[in-house]
Amino acid sequence: MNFKRVVIKVGSALVAPDGKGCSGKYLLSIARFITECHKRDKEVILVSSGSVAAGRQLIHHGSPNPSIAAKQAMASVGQMQMMANWQRFFDTPCSQLLITHGDLKDRRRFINIKNTLRMLLENNILPVVNENDTVATDELKVGDNDNLAALVAMVSDADCLFILSDVDGVFDSDPRSNSDAKLFSEINTIDDALYQMAGGTSNKIATGGMKTKIQAAEKATEHGIETYILNGSNSAVFDKLLLGENPGTRFVAKQSALKAKKHWLKHTLKSHGSIVIDEGAINALLNKGASLLASGIVEISGDFIKGESVSITAHCDSRVLAKGISQYSSQDLVKIKGKNSNDFDTILGYCPSKEIIHRDDLVLMEKAE
Ligand code: GLU
């Protein structure tokens, strides 16, 4: 278990098995595992499905294919049941985050989600994320919680993703009809052949979500996040994980999550403006591994919104020293530059963050990071 922060995705088949609402049948061993992770100083974020399945019996829909409104009502009532079901397994508080694809695409909301998750983890709270099914329609949705979990792993800077369902992992053929089916314990390359193999089986449970699980693994591993598909209905799987063994299919990340993130910040994100800093801030950034504070900012140029990427330049020679994601818009920064974060509230009326650019969201340009 050499991860620091893990996103654990739990599928509906584990939260609400047998189509009879929420159950603790499988969640007990998952919750025990999470508690064990906490004891070992690992941070955990849960992405839990099951709201629609949990609410299904509580909404009279009179049809085998419920309407969108009926499904959204199921999600609404089921989400409460699902959260209550999780909370009863923990002494520490759980928190709920309901997000949509639109929230993750919007830079401002993206940074809000990131800050909220960071704050929850700092306070030893277990965040439980689900898609906001009651408001999202198809075009706004991620659509499945496997892909949502990969996006949550990215936004939270996790270095590991566990996708738990009721299958052991990825097989070379359908294990139900072929007793010789072989489980892949490690996958290094995700290609069309793999998608076809996973999609080609007639195993309803295995394919029920194998495609989206592989998509999630592809997204996550590209960002340096090790991904595992595991059978969460088998408690022995968790014992093995705790012993450092791989009980399912592991998708190998090509580089570390930190490296991938720094690379993304440095080379992929376009700068929307620049922040000029003084000698003290230059020293803090280059030599002390510090975040960028407003007190060291002397000038702002360009027009950017909160959550966009900006360059950080030296006041003396305009060298670009670093790049990072700004917690504030350029308009706000003009007002708070040079100030202490205690004054943000008085000047702006709010203070979403004491840092202007958090160290985790910053990369130095001249140092190999
Ligand atoms: N958000 C859906 C729910 O809670 C689940 C989507 C999925 O399982 O992929 O019911």
# chains A, B, ... in the order shown; residues from 1 in each chain; ligands from 1
>>> residues_around(residues="segment 12-28 of chain A", least_positions_apart="6", cutoff="6 Å", atoms="only C-alpha atoms", output="list in words")
Ser49, Gly50, Ala54 and Ser233 of chain A
>>> closest_atom_pairs(of="chain A", to="ligand 1", cutoff="6 Å", atoms="only C-alpha atoms and all ligand atoms", output="CSV")
residue,atom,partner,partner_atom_place_in_ligand_line,distance
A:Gly11,CA,ligand 1,8 (O),5.6
A:Ser12,CA,ligand 1,8 (O),5.6
A:Ser49,CA,ligand 1,4 (O),3.7
A:Gly50,CA,ligand 1,10 (O),4.1
A:Ser51,CA,ligand 1,4 (O),3.9
A:Val52,CA,ligand 1,10 (O),3.9
A:Ala53,CA,ligand 1,10 (O),5.7
A:Asn130,CA,ligand 1,1 (N),5.6
A:Glu131,CA,ligand 1,1 (N),4.9
A:Asp133,CA,ligand 1,1 (N),6.0
A:Asp144,CA,ligand 1,9 (O),3.3
A:Asn145,CA,ligand 1,9 (O),3.7
A:Asp146,CA,ligand 1,9 (O),5.9
>>> residues_around(residues="Phe251 of chain A", least_positions_apart="3", cutoff="10 Å", atoms="only C-alpha atoms", output="ChimeraX atom specification")
/A:161,184-190,214,217-218,220-221,225-229,248,254
>>> write_last_selection(atoms="N, CA and C atoms", output="PDB file, in the first residue's frame")
ATOM      1  N   LEU A 161      -6.257   4.776  -7.425  1.00  0.00           N
ATOM      2  CA  LEU A 161      -7.711   4.644  -7.620  1.00  0.00           C
ATOM      3  C   LEU A 161      -8.085   3.171  -7.524  1.00  0.00           C
ATOM      4  N   PHE A 184      -6.104 -10.927 -15.744  1.00  0.00           N
ATOM      5  CA  PHE A 184      -4.884 -10.131 -15.933  1.00  0.00           C
ATOM      6  C   PHE A 184      -4.547  -9.490 -14.598  1.00  0.00           C
ATOM      7  N   SER A 185      -3.371  -9.790 -14.061  1.00  0.00           N
ATOM      8  CA  SER A 185      -3.069  -9.139 -12.791  1.00  0.00           C
ATOM      9  C   SER A 185      -2.413  -7.775 -13.035  1.00  0.00           C
ATOM     10  N   GLU A 186      -1.829  -7.603 -14.212  1.00  0.00           N
ATOM     11  CA  GLU A 186      -1.208  -6.313 -14.493  1.00  0.00           C
ATOM     12  C   GLU A 186      -1.422  -5.921 -15.947  1.00  0.00           C
ATOM     13  N   ILE A 187      -1.816  -4.700 -16.173  1.00  0.00           N
ATOM     14  CA  ILE A 187      -1.996  -4.214 -17.541  1.00  0.00           C
ATOM     15  C   ILE A 187      -1.149  -2.953 -17.706  1.00  0.00           C
ATOM     16  N   ASN A 188      -0.283  -2.992 -18.713  1.00  0.00           N
ATOM     17  CA  ASN A 188       0.614  -1.854 -18.940  1.00  0.00           C
ATOM     18  C   ASN A 188       0.131  -0.942 -20.049  1.00  0.00           C
ATOM     19  N   THR A 189      -0.619  -1.538 -20.983  1.00  0.00           N
ATOM     20  CA  THR A 189      -1.054  -0.747 -22.133  1.00  0.00           C
ATOM     21  C   THR A 189      -2.550  -0.886 -22.317  1.00  0.00           C
ATOM     22  N   ILE A 190      -3.216   0.234 -22.437  1.00  0.00           N
ATOM     23  CA  ILE A 190      -4.660   0.196 -22.690  1.00  0.00           C
ATOM     24  C   ILE A 190      -4.863   0.542 -24.158  1.00  0.00           C
ATOM     25  N   ILE A 214     -12.348   0.555 -17.719  1.00  0.00           N
ATOM     26  CA  ILE A 214     -11.088   0.682 -18.458  1.00  0.00           C
ATOM     27  C   ILE A 214     -10.876   2.138 -18.899  1.00  0.00           C
ATOM     28  N   ALA A 217      -9.542   3.837 -15.965  1.00  0.00           N
ATOM     29  CA  ALA A 217      -8.137   3.466 -15.752  1.00  0.00           C
ATOM     30  C   ALA A 217      -7.246   4.212 -16.744  1.00  0.00           C
ATOM     31  N   GLU A 218      -7.740   4.365 -17.969  1.00  0.00           N
ATOM     32  CA  GLU A 218      -6.947   5.052 -18.995  1.00  0.00           C
ATOM     33  C   GLU A 218      -6.730   6.513 -18.596  1.00  0.00           C
ATOM     34  N   ALA A 220      -6.972   7.847 -15.596  1.00  0.00           N
ATOM     35  CA  ALA A 220      -6.209   7.984 -14.348  1.00  0.00           C
ATOM     36  C   ALA A 220      -4.726   7.687 -14.568  1.00  0.00           C
ATOM     37  N   THR A 221      -4.418   6.594 -15.268  1.00  0.00           N
ATOM     38  CA  THR A 221      -2.995   6.239 -15.421  1.00  0.00           C
ATOM     39  C   THR A 221      -2.243   7.288 -16.248  1.00  0.00           C
ATOM     40  N   ILE A 225      -1.868   8.055 -12.014  1.00  0.00           N
ATOM     41  CA  ILE A 225      -2.620   7.463 -10.895  1.00  0.00           C
ATOM     42  C   ILE A 225      -2.751   5.951 -11.113  1.00  0.00           C
ATOM     43  N   GLU A 226      -2.138   5.182 -10.244  1.00  0.00           N
ATOM     44  CA  GLU A 226      -2.224   3.717 -10.328  1.00  0.00           C
ATOM     45  C   GLU A 226      -3.686   3.309 -10.129  1.00  0.00           C
ATOM     46  N   THR A 227      -4.179   2.422 -10.969  1.00  0.00           N
ATOM     47  CA  THR A 227      -5.602   2.066 -10.883  1.00  0.00           C
ATOM     48  C   THR A 227      -5.773   0.556 -10.737  1.00  0.00           C
ATOM     49  N   TYR A 228      -6.696   0.161  -9.883  1.00  0.00           N
ATOM     50  CA  TYR A 228      -6.971  -1.259  -9.673  1.00  0.00           C
ATOM     51  C   TYR A 228      -8.457  -1.525  -9.855  1.00  0.00           C
ATOM     52  N   ILE A 229      -8.792  -2.607 -10.526  1.00  0.00           N
ATOM     53  CA  ILE A 229     -10.174  -3.091 -10.534  1.00  0.00           C
ATOM     54  C   ILE A 229     -10.202  -4.278  -9.580  1.00  0.00           C
ATOM     55  N   GLY A 248      -6.399  -8.074  -7.664  1.00  0.00           N
ATOM     56  CA  GLY A 248      -7.258  -7.882  -8.845  1.00  0.00           C
ATOM     57  C   GLY A 248      -6.428  -7.532 -10.058  1.00  0.00           C
ATOM     58  N   LYS A 254       2.400   5.286 -15.906  1.00  0.00           N
ATOM     59  CA  LYS A 254       3.705   5.416 -16.562  1.00  0.00           C
ATOM     60  C   LYS A 254       4.684   6.264 -15.756  1.00  0.00           C
TER      61      LYS A 254
END
>>> closest_residue(among="A:Ile113, A:Ile59, A:Ile282, A:Val155", to="Val298 of chain A", atoms="only C-alpha atoms")
A:Ile282
>>> atom_distance(atom1="atom CA of Asp303 of chain A", atom2="atom CA of Arg108 of chain A")
14.3 Å
>>> atom_distance(atom1="atom CA of Gln331 of chain A", atom2="atom CA of Glu299 of chain A")
11.6 Å
>>> atom_distance(atom1="atom CA of Gln79 of chain A", atom2="atom CA of Gln96 of chain A")
9.4 Å
>>> residues_around(residues="Tyr350 of chain A", least_positions_apart="6", cutoff="12 Å", atoms="only C-alpha atoms", output="MDAnalysis selection string")
chainID A and resid 328 332 336 341:344
>>> select_by_dssp(residues="segment 75-206 of chain A", states="strand (DSSP E)", output="JSON, numbers by chain")
{"A": [94, 95, 96, 97, 98, 99, 126, 127, 128, 129, 130, 131, 160, 161, 162, 163, 164, 165, 186, 187]}
>>> residues_around(residues="Ala198 of chain A", least_positions_apart="4", cutoff="9 Å", atoms="only C-alpha atoms", output="PyMOL selection string")
chain A and resi 170-174+193-194+206-207+210-211+214
>>> closest_residue(among="A:Met1, A:Ala69, A:Val44, A:Val142", to="Gln215 of chain A", atoms="only C-alpha atoms")
A:Val142
>>> select_by_dssp(residues="segment 49-78 of chain A", states="alpha helix (DSSP H)", output="VMD selection string")
chain A and resid 51 to 55 68 to 78
>>> residues_around(residues="segment 286-290 of chain A", least_positions_apart="3", cutoff="8 Å", atoms="only C-alpha atoms", output="PyMOL selection string")
chain A and resi 282-283+359+364
>>> write_last_selection(atoms="all heavy atoms", output="short mmCIF file (atom, residue, chain, number, x, y, z; two decimals), in the first residue's frame")
data_model
loop_
_atom_site.label_atom_id
_atom_site.label_comp_id
_atom_site.auth_asym_id
_atom_site.auth_seq_id
_atom_site.Cartn_x
_atom_site.Cartn_y
_atom_site.Cartn_z
N ILE A 282 10.14 35.48 -4.11
CA ILE A 282 11.01 34.68 -4.98
C ILE A 282 11.77 33.67 -4.13
O ILE A 282 11.81 32.47 -4.43
CB ILE A 282 12.02 35.58 -5.76
CG1 ILE A 282 11.27 36.50 -6.71
CG2 ILE A 282 13.02 34.71 -6.54
CD1 ILE A 282 12.16 37.52 -7.44
N ASN A 283 12.32 34.16 -3.03
CA ASN A 283 13.09 33.29 -2.14
C ASN A 283 12.19 32.18 -1.56
O ASN A 283 12.57 31.01 -1.53
CB ASN A 283 13.71 34.15 -1.03
CG ASN A 283 14.62 33.33 -0.16
OD1 ASN A 283 15.27 32.40 -0.63
ND2 ASN A 283 14.64 33.65 1.13
N ARG A 359 0.95 25.56 -3.08
CA ARG A 359 2.16 24.87 -3.55
C ARG A 359 1.85 23.62 -4.39
O ARG A 359 2.56 23.30 -5.34
CB ARG A 359 3.02 24.48 -2.34
CG ARG A 359 4.37 23.93 -2.73
CD ARG A 359 5.24 25.04 -3.30
NE ARG A 359 6.38 24.53 -4.04
CZ ARG A 359 7.38 25.29 -4.45
NH1 ARG A 359 7.39 26.58 -4.22
NH2 ARG A 359 8.38 24.77 -5.12
N LEU A 364 7.84 24.95 -10.59
CA LEU A 364 8.94 25.88 -10.88
C LEU A 364 9.42 25.60 -12.30
O LEU A 364 9.56 24.44 -12.71
CB LEU A 364 10.09 25.67 -9.88
CG LEU A 364 9.76 25.92 -8.41
CD1 LEU A 364 10.99 25.66 -7.55
CD2 LEU A 364 9.26 27.34 -8.19
#
>>> residues_around(residues="Val135 of chain A", least_positions_apart="6", cutoff="12 Å", atoms="only C-alpha atoms", output="PyMOL selection string")
chain A and resi 68-69+71-73+75-76+98-103+141
